[in-house]
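What's in start.txt: compact mmCIF, C-alpha atoms and all ligand atoms
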```
# COMPACT_ATOMS: atom_id res chain seq x y z
CA MET A 1 7.29 -9.40 25.90
CA ASP A 2 4.01 -9.35 23.96
CA VAL A 3 3.92 -5.77 22.65
CA ASN A 4 0.30 -6.17 21.57
CA LYS A 5 -0.66 -6.45 25.25
CA LEU A 6 1.37 -3.51 26.65
CA SER A 7 -0.58 -0.89 28.60
CA ARG A 8 -0.54 2.66 27.19
CA ARG A 9 1.92 3.71 29.89
CA GLU A 10 4.30 0.80 29.18
CA MET A 11 4.14 1.44 25.42
CA THR A 12 4.86 5.16 25.87
CA GLU A 13 7.87 4.41 28.08
CA LEU A 14 9.27 2.00 25.48
CA GLN A 15 8.64 4.47 22.64
CA ASN A 16 10.26 7.41 24.44
CA LYS A 17 13.36 5.38 25.28
CA ARG A 18 13.73 4.22 21.66
CA LEU A 19 12.94 7.66 20.25
CA HIS A 20 15.63 9.32 22.31
CA SER A 21 18.32 6.83 21.25
CA THR A 22 17.25 7.08 17.57
CA ILE A 23 17.54 10.87 17.64
CA LYS A 24 20.98 10.56 19.23
CA LEU A 25 22.04 8.07 16.54
CA ALA A 26 20.66 10.31 13.77
CA TYR A 27 22.49 13.33 15.16
CA GLU A 28 25.78 11.48 15.40
CA LYS A 29 25.70 9.35 12.24
CA SER A 30 23.28 10.67 9.62
CA SER A 31 24.40 13.73 7.66
CA LEU A 32 20.86 14.37 6.36
CA TYR A 33 19.21 14.52 9.79
CA ARG A 34 22.14 16.21 11.55
CA ALA A 35 21.89 19.07 9.03
CA LYS A 36 18.13 19.31 9.61
CA PHE A 37 18.54 19.33 13.40
CA LYS A 38 21.27 21.97 13.23
CA ARG A 39 19.18 24.22 11.02
CA ALA A 40 16.31 23.94 13.50
CA GLY A 41 18.70 24.55 16.42
CA ILE A 42 17.90 21.28 18.22
CA THR A 43 20.16 18.72 19.90
CA PRO A 44 19.28 15.16 21.03
CA SER A 45 18.57 16.38 24.57
CA ASP A 46 15.61 18.40 23.21
CA ILE A 47 13.80 15.26 21.99
CA LYS A 48 12.75 12.95 24.81
CA CYS A 49 9.14 12.06 24.07
CA TYR A 50 6.37 11.96 21.44
CA GLU A 51 5.28 15.51 22.33
CA ASP A 52 8.76 16.77 21.40
CA LEU A 53 8.40 15.52 17.81
CA VAL A 54 6.81 18.80 16.72
CA LYS A 55 10.17 20.54 17.23
CA ILE A 56 11.76 18.44 14.44
CA PRO A 57 11.57 19.54 10.78
CA PHE A 58 9.81 17.15 8.38
CA SER A 59 11.61 14.90 5.93
CA ASP A 60 10.19 13.28 2.80
CA LYS A 61 10.88 10.95 -0.12
CA LYS A 62 12.75 13.68 -1.98
CA ASP A 63 15.30 13.96 0.85
CA ILE A 64 16.07 10.23 0.64
CA VAL A 65 16.01 10.08 -3.18
CA LYS A 66 18.44 13.00 -3.36
CA ASN A 67 20.90 11.54 -0.87
CA PHE A 68 20.04 8.03 0.29
CA LYS A 69 23.42 7.58 1.97
CA GLY A 70 22.82 10.68 4.09
CA ALA A 71 19.71 9.11 5.63
CA ILE A 72 21.65 6.01 6.72
CA ALA A 73 23.07 6.05 10.28
CA ASP A 74 24.80 2.67 10.74
CA LYS A 75 26.67 2.14 7.44
CA ASN A 76 26.93 -1.62 8.03
CA ILE A 77 24.10 -2.41 5.60
CA SER A 78 22.88 -5.98 5.28
CA VAL A 79 20.48 -5.48 2.35
CA TYR A 80 19.28 -2.66 0.12
CA HIS A 81 15.69 -2.45 -1.06
CA THR A 82 13.97 0.14 -3.22
CA THR A 83 10.39 1.32 -3.11
CA SER A 84 8.17 0.57 -6.08
CA GLY A 85 8.58 4.04 -7.56
CA THR A 86 4.81 4.36 -8.11
CA SER A 87 5.07 8.06 -7.41
CA GLY A 88 8.26 8.94 -9.24
CA LEU A 89 11.85 7.89 -8.61
CA PRO A 90 12.47 4.77 -6.51
CA THR A 91 13.77 5.38 -3.00
CA VAL A 92 16.73 3.34 -1.75
CA VAL A 93 16.33 1.98 1.78
CA GLY A 94 19.32 0.36 3.53
CA PHE A 95 18.50 -2.27 6.16
CA THR A 96 21.10 -3.31 8.73
CA LYS A 97 20.88 -6.86 10.08
CA ASN A 98 18.94 -5.39 13.03
CA ASP A 99 16.50 -3.67 10.65
CA VAL A 100 15.82 -6.87 8.72
CA ASP A 101 15.15 -8.69 12.00
CA VAL A 102 12.83 -5.89 13.13
CA GLN A 103 10.89 -5.89 9.85
CA VAL A 104 10.58 -9.69 9.74
CA SER A 105 9.27 -9.64 13.33
CA VAL A 106 6.74 -6.97 12.33
CA GLU A 107 5.61 -9.04 9.32
CA THR A 108 5.32 -12.08 11.60
CA ARG A 109 3.01 -10.10 13.88
CA ASN A 110 1.04 -8.87 10.87
CA LEU A 111 0.47 -12.41 9.64
CA GLN A 112 -0.64 -13.44 13.14
CA THR A 113 -3.02 -10.46 13.23
CA VAL A 114 -4.42 -11.64 9.91
CA GLY A 115 -4.88 -15.14 11.36
CA VAL A 116 -2.16 -17.13 9.55
CA LYS A 117 -1.37 -20.32 11.49
CA LYS A 118 1.32 -22.96 11.60
CA SER A 119 -0.94 -25.39 9.73
CA ASP A 120 -1.34 -23.01 6.77
CA ILE A 121 0.22 -23.29 3.31
CA VAL A 122 0.89 -19.78 2.05
CA GLN A 123 1.40 -18.84 -1.60
CA ASN A 124 3.41 -15.63 -1.67
CA THR A 125 2.79 -13.81 -4.97
CA THR A 126 4.47 -10.64 -3.69
CA PRO A 127 7.50 -9.95 -5.94
CA TYR A 128 10.81 -11.18 -4.52
CA GLY A 129 13.66 -8.83 -5.29
CA MET A 130 14.17 -5.13 -4.78
CA PHE A 131 10.79 -4.66 -3.09
CA PHE A 132 11.11 -5.45 0.65
CA ALA A 133 7.77 -7.12 1.27
CA GLY A 134 8.34 -10.32 -0.75
CA ILE A 135 11.40 -11.55 1.11
CA ASP A 136 10.35 -10.29 4.54
CA LEU A 137 6.93 -11.93 4.28
CA HIS A 138 8.63 -15.13 3.14
CA GLU A 139 10.75 -15.17 6.31
CA ALA A 140 7.73 -14.25 8.45
CA ILE A 141 5.72 -17.20 7.07
CA ARG A 142 8.64 -19.48 8.00
CA ASN A 143 8.80 -17.88 11.48
CA ILE A 144 5.20 -18.85 12.10
CA GLY A 145 6.03 -22.41 11.12
CA ALA A 146 3.66 -22.38 8.14
CA THR A 147 4.63 -23.63 4.66
CA VAL A 148 5.63 -21.01 2.10
CA ILE A 149 5.24 -21.32 -1.69
CA PRO A 150 7.67 -18.64 -2.96
CA ALA A 151 5.84 -18.04 -6.24
CA GLY A 152 6.66 -14.33 -6.49
CA LYS A 153 5.18 -12.68 -9.50
CA LEU A 154 5.19 -15.38 -12.19
CA PRO A 155 5.14 -14.39 -15.89
CA THR A 156 1.54 -15.50 -16.41
CA ALA A 157 -1.59 -15.75 -14.30
CA LYS A 158 -2.01 -19.34 -15.57
CA GLN A 159 1.33 -20.39 -14.04
CA GLN A 160 0.30 -18.85 -10.73
CA VAL A 161 -3.04 -20.66 -10.82
CA GLY A 162 -1.19 -23.89 -11.65
CA MET A 163 0.57 -23.54 -8.30
CA VAL A 164 -2.72 -22.96 -6.50
CA VAL A 165 -3.83 -26.34 -7.86
CA MET A 166 -0.52 -28.14 -7.28
CA PHE A 167 0.19 -27.03 -3.71
CA ALA A 168 -3.37 -26.37 -2.48
CA PRO A 169 -2.44 -23.24 -0.48
CA THR A 170 -4.86 -22.14 2.25
CA VAL A 171 -3.63 -18.51 2.20
CA ILE A 172 -2.54 -16.31 -0.70
CA LEU A 173 -0.57 -13.05 -0.42
CA GLY A 174 -0.34 -10.34 -3.05
CA ILE A 175 -1.78 -7.30 -4.80
CA PRO A 176 -5.63 -7.37 -4.64
CA GLN A 177 -6.20 -6.86 -8.37
CA TYR A 178 -3.74 -9.61 -9.19
CA ILE A 179 -5.45 -12.11 -6.87
CA LEU A 180 -8.77 -11.15 -8.43
CA LYS A 181 -7.35 -11.76 -11.89
CA LEU A 182 -6.22 -15.22 -10.78
CA SER A 183 -9.82 -16.15 -9.95
CA TYR A 184 -10.82 -15.52 -13.58
CA ALA A 185 -7.76 -17.40 -14.85
CA TYR A 186 -8.70 -20.37 -12.63
CA GLU A 187 -12.23 -20.41 -14.00
CA GLU A 188 -11.00 -20.25 -17.60
CA MET A 189 -8.37 -22.98 -17.15
CA PHE A 190 -10.42 -25.52 -15.24
CA GLY A 191 -14.00 -24.45 -15.88
CA LYS A 192 -14.60 -24.76 -12.14
CA ASP A 193 -15.76 -22.39 -9.43
CA PRO A 194 -12.76 -20.72 -7.70
CA LYS A 195 -14.53 -21.46 -4.41
CA ASP A 196 -13.56 -25.12 -4.90
CA THR A 197 -9.87 -24.50 -4.14
CA ALA A 198 -8.34 -24.98 -0.68
CA LEU A 199 -7.93 -21.19 -0.25
CA LYS A 200 -9.49 -19.73 2.89
CA LYS A 201 -7.81 -16.38 3.20
CA ALA A 202 -6.01 -13.65 1.25
CA TYR A 203 -3.67 -11.07 2.72
CA VAL A 204 -3.56 -8.24 0.21
CA LEU A 205 -1.15 -5.35 0.08
CA GLY A 206 0.61 -2.96 -2.28
CA GLU A 207 -2.38 -0.82 -3.21
CA PRO A 208 -5.43 0.46 -1.32
CA LEU A 209 -8.29 -2.02 -1.33
CA SER A 210 -11.67 -0.60 -2.30
CA ASP A 211 -14.77 -2.12 -0.67
CA SER A 212 -16.05 -3.33 -4.02
CA VAL A 213 -12.80 -5.18 -4.81
CA ARG A 214 -12.78 -6.73 -1.31
CA ASN A 215 -16.38 -7.92 -1.76
CA ARG A 216 -15.62 -9.28 -5.21
CA LEU A 217 -12.55 -11.18 -3.96
CA GLU A 218 -14.38 -12.64 -0.97
CA GLU A 219 -17.31 -13.68 -3.11
CA ARG A 220 -15.39 -15.14 -6.04
CA TRP A 221 -12.83 -17.14 -4.07
CA GLY A 222 -15.11 -17.75 -1.08
CA ILE A 223 -12.40 -16.45 1.27
CA ASP A 224 -11.75 -13.96 4.05
CA VAL A 225 -9.77 -10.96 2.74
CA ARG A 226 -7.49 -8.96 5.04
CA GLN A 227 -5.56 -5.91 4.04
CA GLY A 228 -2.01 -4.86 4.91
CA TYR A 229 -0.35 -1.48 4.63
CA GLY A 230 3.28 -0.51 4.75
CA LEU A 231 6.13 1.68 3.59
CA SER A 232 9.67 0.38 3.02
CA GLU A 233 11.04 3.42 4.81
CA VAL A 234 9.13 2.84 8.07
CA GLY A 235 7.28 -0.44 8.60
CA SER A 236 3.88 -2.06 8.17
CA GLY A 237 0.56 -3.00 9.76
CA ALA A 238 -2.35 -5.36 9.14
CA GLU A 239 -6.09 -5.76 9.70
CA CYS A 240 -7.47 -7.98 12.48
CA GLU A 241 -10.90 -9.62 12.26
CA GLU A 242 -12.59 -6.21 12.67
CA LYS A 243 -11.31 -5.31 9.16
CA ASN A 244 -11.33 -1.72 10.23
CA GLY A 245 -7.85 -0.21 10.12
CA PHE A 246 -4.31 -1.59 10.47
CA HIS A 247 -2.81 -2.47 13.85
CA TRP A 248 0.38 -0.46 13.65
CA CYS A 249 3.87 -1.45 14.89
CA GLU A 250 4.02 1.62 17.13
CA ASP A 251 6.89 0.12 19.16
CA HIS A 252 9.03 0.45 16.00
CA ALA A 253 7.62 3.51 14.22
CA LEU A 254 5.75 6.43 15.75
CA VAL A 255 2.89 7.83 13.74
CA GLU A 256 1.51 11.37 13.70
CA VAL A 257 -1.26 12.90 11.60
CA ILE A 258 -0.70 16.42 10.30
CA ASP A 259 -2.61 19.00 8.35
CA PRO A 260 -0.84 18.67 4.96
CA LYS A 261 -1.11 22.40 4.31
CA THR A 262 -0.01 23.89 7.64
CA GLY A 263 2.06 21.01 9.02
CA GLU A 264 0.19 21.28 12.30
CA GLN A 265 -0.19 18.06 14.33
CA LEU A 266 -3.78 16.71 14.49
CA SER A 267 -5.52 14.58 17.15
CA PRO A 268 -6.64 10.93 16.86
CA GLY A 269 -9.75 10.72 14.69
CA GLU A 270 -8.81 13.80 12.65
CA GLU A 271 -7.97 13.12 9.03
CA GLY A 272 -4.71 14.31 7.51
CA GLU A 273 -1.32 13.18 6.25
CA LEU A 274 0.45 10.33 8.06
CA VAL A 275 3.96 11.17 9.27
CA TYR A 276 6.32 8.50 10.62
CA THR A 277 9.40 8.34 12.83
CA THR A 278 11.30 5.04 13.00
CA ILE A 279 12.51 4.29 16.52
CA SER A 280 14.26 0.93 16.25
CA ARG A 281 15.88 0.90 12.80
CA THR A 282 19.57 1.82 12.57
CA GLY A 283 20.24 1.82 8.78
CA THR A 284 17.99 4.19 6.80
CA LEU A 285 16.18 6.34 9.33
CA ALA A 286 12.87 8.08 8.71
CA ILE A 287 12.36 11.00 11.05
CA ARG A 288 9.10 12.91 10.77
CA PHE A 289 8.82 11.35 7.34
CA ARG A 290 5.83 12.63 5.34
CA SER A 291 4.11 9.68 3.68
CA ASN A 292 1.61 11.54 1.46
CA ASP A 293 -0.99 9.00 2.69
CA CYS A 294 -4.34 10.36 3.80
CA SER A 295 -5.86 8.69 6.87
CA HIS A 296 -6.44 9.06 10.62
CA ILE A 297 -5.49 7.27 13.85
CA ILE A 298 -8.03 5.07 15.67
CA ASP A 299 -7.09 4.80 19.34
CA ASP A 300 -10.30 3.11 20.60
CA GLU A 301 -9.95 -0.28 22.23
CA CYS A 302 -10.12 -3.00 19.56
CA SER A 303 -12.40 -6.00 20.11
CA CYS A 304 -9.58 -8.37 19.07
CA GLY A 305 -7.65 -7.62 22.26
CA ASN A 306 -4.61 -6.13 20.48
CA LYS A 307 -3.81 -2.89 22.30
CA THR A 308 -1.67 -1.21 19.61
CA ILE A 309 -3.19 1.78 17.85
CA LYS A 310 -4.77 1.40 14.45
CA ILE A 311 -4.31 3.45 11.31
CA ALA A 312 -7.61 3.76 9.44
CA THR A 313 -7.70 2.45 5.87
CA VAL A 314 -5.73 4.87 3.70
CA LYS A 315 -8.19 6.90 1.61
CA HIS A 316 -5.76 8.07 -1.02
CA ARG A 317 -2.31 9.51 -1.53
CA PHE A 318 -2.23 13.29 -1.64
CA ASP A 319 0.13 13.13 -4.62
CA SER A 320 -2.17 10.75 -6.52
CA LEU A 321 -5.12 13.13 -6.66
CA VAL A 322 -5.88 14.08 -10.25
CA LYS A 323 -7.33 17.38 -11.38
CA ILE A 324 -9.84 16.95 -14.20
CA ARG A 325 -11.56 20.10 -15.45
CA GLY A 326 -10.65 21.86 -12.26
CA THR A 327 -12.02 19.15 -9.94
CA LEU A 328 -9.68 17.08 -7.77
CA THR A 329 -10.52 13.40 -7.69
CA SER A 330 -8.92 10.22 -6.42
CA PRO A 331 -8.40 7.26 -8.77
CA TYR A 332 -9.51 5.03 -5.85
CA THR A 333 -12.97 6.62 -5.85
CA ILE A 334 -13.30 5.69 -9.50
CA ASP A 335 -11.95 2.19 -8.79
CA ASN A 336 -14.56 1.64 -6.08
CA MET A 337 -17.36 2.83 -8.38
CA LEU A 338 -16.36 0.71 -11.36
CA PHE A 339 -15.73 -2.53 -9.48
CA GLY A 340 -19.12 -2.08 -7.83
CA HIS A 341 -20.55 -3.32 -11.16
CA LYS A 342 -20.50 -7.09 -11.11
CA ASN A 343 -19.83 -7.69 -14.79
CA ILE A 344 -16.83 -5.37 -15.03
CA ARG A 345 -13.66 -7.46 -15.09
CA ASN A 346 -11.12 -4.72 -15.70
CA TYR A 347 -10.99 -1.15 -16.87
CA LEU A 348 -8.66 1.65 -17.89
CA CYS A 349 -9.29 5.35 -17.25
CA VAL A 350 -7.35 7.80 -19.37
CA VAL A 351 -7.21 11.56 -18.93
CA GLU A 352 -5.88 13.65 -21.82
CA LYS A 353 -6.37 17.02 -23.48
CA ASP A 354 -8.74 17.24 -26.47
CA GLU A 355 -7.30 17.70 -29.97
CA HIS A 356 -7.02 21.46 -29.44
CA GLY A 357 -5.00 20.91 -26.27
CA VAL A 358 -7.54 22.86 -24.23
CA THR A 359 -10.19 20.76 -22.46
CA ASP A 360 -9.50 17.73 -20.25
CA GLN A 361 -11.12 14.54 -21.46
CA LEU A 362 -11.83 11.39 -19.46
CA LYS A 363 -12.04 8.15 -21.41
CA VAL A 364 -13.08 4.89 -19.76
CA TYR A 365 -12.36 1.52 -21.38
CA ILE A 366 -14.20 -1.43 -19.90
CA GLU A 367 -13.66 -5.17 -20.07
CA SER A 368 -16.98 -6.74 -19.17
CA GLU A 369 -18.59 -10.15 -19.44
CA ARG A 370 -21.37 -8.51 -21.44
CA GLU A 371 -22.22 -5.09 -22.78
CA ASP A 372 -25.00 -3.61 -20.78
CA MET A 373 -26.20 -0.12 -21.55
CA ARG A 374 -27.59 0.18 -18.03
CA VAL A 375 -24.05 -0.15 -16.70
CA SER A 376 -22.97 2.76 -18.90
CA PHE A 377 -25.87 4.95 -17.81
CA ASP A 378 -25.36 4.06 -14.18
CA LEU A 379 -21.65 4.75 -14.52
CA MET A 380 -22.25 8.18 -16.05
CA ASP A 381 -24.67 8.96 -13.28
CA LYS A 382 -22.32 7.79 -10.52
CA LEU A 383 -19.23 9.46 -11.95
CA GLY A 384 -21.24 12.62 -12.42
CA GLY A 385 -22.51 12.52 -8.86
CA GLY A 386 -19.29 11.35 -7.26
CA VAL A 387 -16.68 13.44 -8.98
CA CYS A 388 -18.73 16.13 -10.73
CA PHE A 389 -18.18 15.25 -14.37
CA THR A 390 -19.06 12.57 -16.91
CA PRO A 391 -16.64 10.62 -19.07
CA ASP A 392 -16.31 11.72 -22.69
CA ILE A 393 -16.04 8.14 -23.91
CA ILE A 394 -17.15 4.87 -22.33
CA LYS A 395 -16.00 2.04 -24.55
CA TYR A 396 -16.37 -1.72 -24.14
CA VAL A 397 -13.26 -3.61 -25.20
CA PRO A 398 -12.62 -7.39 -25.43
CA ILE A 399 -11.69 -9.17 -22.18
CA GLY A 400 -7.92 -9.35 -21.83
CA SER A 401 -7.25 -6.49 -24.26
CA ILE A 402 -6.31 -3.80 -21.73
CA PRO A 403 -2.51 -3.81 -21.47
CA ILE A 404 -0.70 -4.41 -18.17
CA ILE A 405 0.73 -1.04 -17.17
CA GLY A 406 3.59 -1.01 -14.66
CA ARG A 407 4.29 -3.44 -11.80
CA LYS A 408 1.07 -2.54 -10.02
CA GLU A 409 -1.03 -2.79 -13.18
CA LYS A 410 -2.19 0.84 -13.24
CA ARG A 411 -5.80 1.44 -14.29
CA PHE A 412 -5.66 5.22 -14.23
CA VAL A 413 -3.33 7.00 -16.63
CA ASP A 414 -2.86 10.73 -17.03
CA LEU A 415 -1.51 11.43 -20.53
CA ARG A 416 -1.21 15.14 -19.78
CA SER A 417 2.15 14.52 -18.11
CA GLU A 418 5.04 12.61 -19.67
CA ASN A 419 5.43 9.06 -18.40
CA PRO A 420 7.21 6.00 -19.86
CA ASP A 421 3.88 4.10 -19.82
CA ASN A 422 2.09 6.63 -22.05
CA GLU A 423 3.18 4.97 -25.29
CA ILE A 424 1.58 1.61 -24.35
CA VAL A 425 -1.64 3.42 -23.49
CA ARG A 426 -1.70 5.45 -26.73
CA GLU A 427 -1.08 2.28 -28.73
CA PHE A 428 -3.96 0.54 -26.97
CA MET A 429 -6.28 3.51 -27.53
CA SER A 430 -5.61 3.64 -31.25
CA SER A 431 -6.06 -0.17 -31.53
CA VAL A 432 -9.61 0.01 -30.11
CA LYS A 433 -10.74 3.18 -31.94
ZN ZN B 1 -7.95 -5.48 16.39
```

For the file at hand, write its structure as structure tokens.
Ligand SMILES: [Zn+2]
Amino acid sequence: MDVNKLSRREMTELQNKRLHSTIKLAYEKSSLYRAKFKRAGITPSDIKCYEDLVKIPFSDKKDIVKNFKGAIADKNISVYHTTSGTSGLPTVVGFTKNDVDVQVSVETRNLQTVGVKKSDIVQNTTPYGMFFAGIDLHEAIRNIGATVIPAGKLPTAKQQVGMVVMFAPTVILGIPQYILKLSYAYEEMFGKDPKDTALKKAYVLGEPLSDSVRNRLEERWGIDVRQGYGLSEVGSGAECEEKNGFHWCEDHALVEVIDPKTGEQLSPGEEGELVYTTISRTGTLAIRFRSNDCSHIIDDECSCGNKTIKIATVKHRFDSLVKIRGTLTSPYTIDNMLFGHKNIRNYLCVVEKDEHGVTDQLKVYIESEREDMRVSFDLMDKLGGGVCFTPDIIKYVPIGSIPIIGRKEKRFVDLRSENPDNEIVREFMSSVK
């Protein structure tokens, strides 16, 4: 059965059947969801189709963090993974053998959507280990019959680039910023244009991809860049050649969009918070799981022929919005603005209180190939226009001096709240004073 070709009616039938048996399983085997159902006064016979989802109370990361065992239905766990913990405590997700098979099949489909073929050599820089994507993508590459280079996240960018030269991969997988960094490392090591490598494509995931970073990656490596999106708790999707939204594995996880304030379900095209319900996993279940991701559903026919719905590129996470002087802004807006400037190689934005502990201050540190006052003026103008304030400090720092912060190499740090990374940032700030 090619799920990408199912008619809407066939897909709905499959989803409803799987939804009903998942709800039954949750009711019988998961203490977390049984308690939620009982409180809401619902039994499995009340949930037969997508439209019935609205009767079920929401769940979220906190529920699973608090009691990960309670979210597991079938206790016969094959592998545990944890989420990256970018937004607080890591969440434990238990995969049964069935769940691993499901997720690997989804990743296989994603790679096919992206255009990975049997003849490809794929360098996987996604970390192997507690994070689910590394290992599952590895297996998916093997499923396709392509060659996998299981590089994972090597200690240095130079080692990673060494593998690009040694194995001549045609596809590279990983975090967009990391793959961008490799292009500079390649240039420095060999003095050659990164376009000269065998690379033709990158499949990037792990953080939202801004248009300016996509353009920069495509231009520097001379490749086609496709984006993936996923959550350990529910599943994943990938961009086809339209590069406009992720074809979603809706046969394995239902998606709804809700108004984050009222919880009311919204229609396709309307922007809100994505909420997921797994319908084929049996280990950790996610039922009406609030993702905090802001996006909308695209249900128009896609020119690539894949009939599954698409989730539009995630704009931001609701819990990642930062309030600076009373204005809410998204670090991704700032990312898009800064990487729009060709010479900027890396940057770090820091928000902190002034010395009196009263006013918020935004400080921007920039690694650039050359200092250019026009960039600073333009930046002030764009930040001012885009997010309604100007930075207090814009400082050029030597290339390579900004420290690596966290697994995802954070470039936006809020010192107003306590975080283990704050010390590294403070140290850096005083070193460049
Ligand atoms: Zn498509």

Using all atoms listed in the file: which of A:Val350, A:Val92, A:Ala312, A:Met429 has the shortest distance to A:Arg416: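 Of all the options, A:Val350 lies closest to A:Arg416.
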
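The neighbours of stretch 313-324 of chain A here are the residues that come within 6 Å of it, using all atoms listed in the file and leaving out any residue fewer than 5 positions away in the same chain; they are Gly245, Asn292, Asp293, Cys294, Ser295, Thr329 and Ser330 of chain A.
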
Coordinates-based distance that separates atom CA of A:Phe95 from atom CA of A:Gly283 (Å, one decimal):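 Here the two named atoms are 5.2 Å from each other.
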
Residues within 10 Å of ligand ZN 1 (chain B), counting all atoms listed in the file, as a VMD selection string: chain A and resid 4 113 to 114 238 to 247 300 to 310

Residue nearest A:Pro403 among A:Tyr365, A:Tyr203, A:Phe377, A:Trp221 (counting only C-alpha atoms):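 So, comparing all the options, the nearest one is A:Tyr365.
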
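Interatomic distance, atom CA of A:Thr170 to atom CA of A:Cys249: 25.8 Å.
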
Residues within 12 Å of A:Asn110, all atoms listed in the file, excluding chain neighbours under 5 positions, as an MDAnalysis selection string: chainID A and resid 4 103:105 115:117 133 136:137 140:141 143:144 203:205 226:230 235:240 246:249 306 308

Which residue of A:Val100, A:Val171, A:Val275, A:Ala146 approaches A:Asp224 most closely, using only C-alpha atoms: A:Val171

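Note that atom CA of A:Glu409 and atom CA of A:Leu348 are 10.0 Å apart.
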
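Ranking A:Asp251, A:Asp2, A:Glu369, A:Glu107 by their shortest atom-to-atom distance to A:Tyr184, with all atoms listed in the file included, puts A:Glu369 first.
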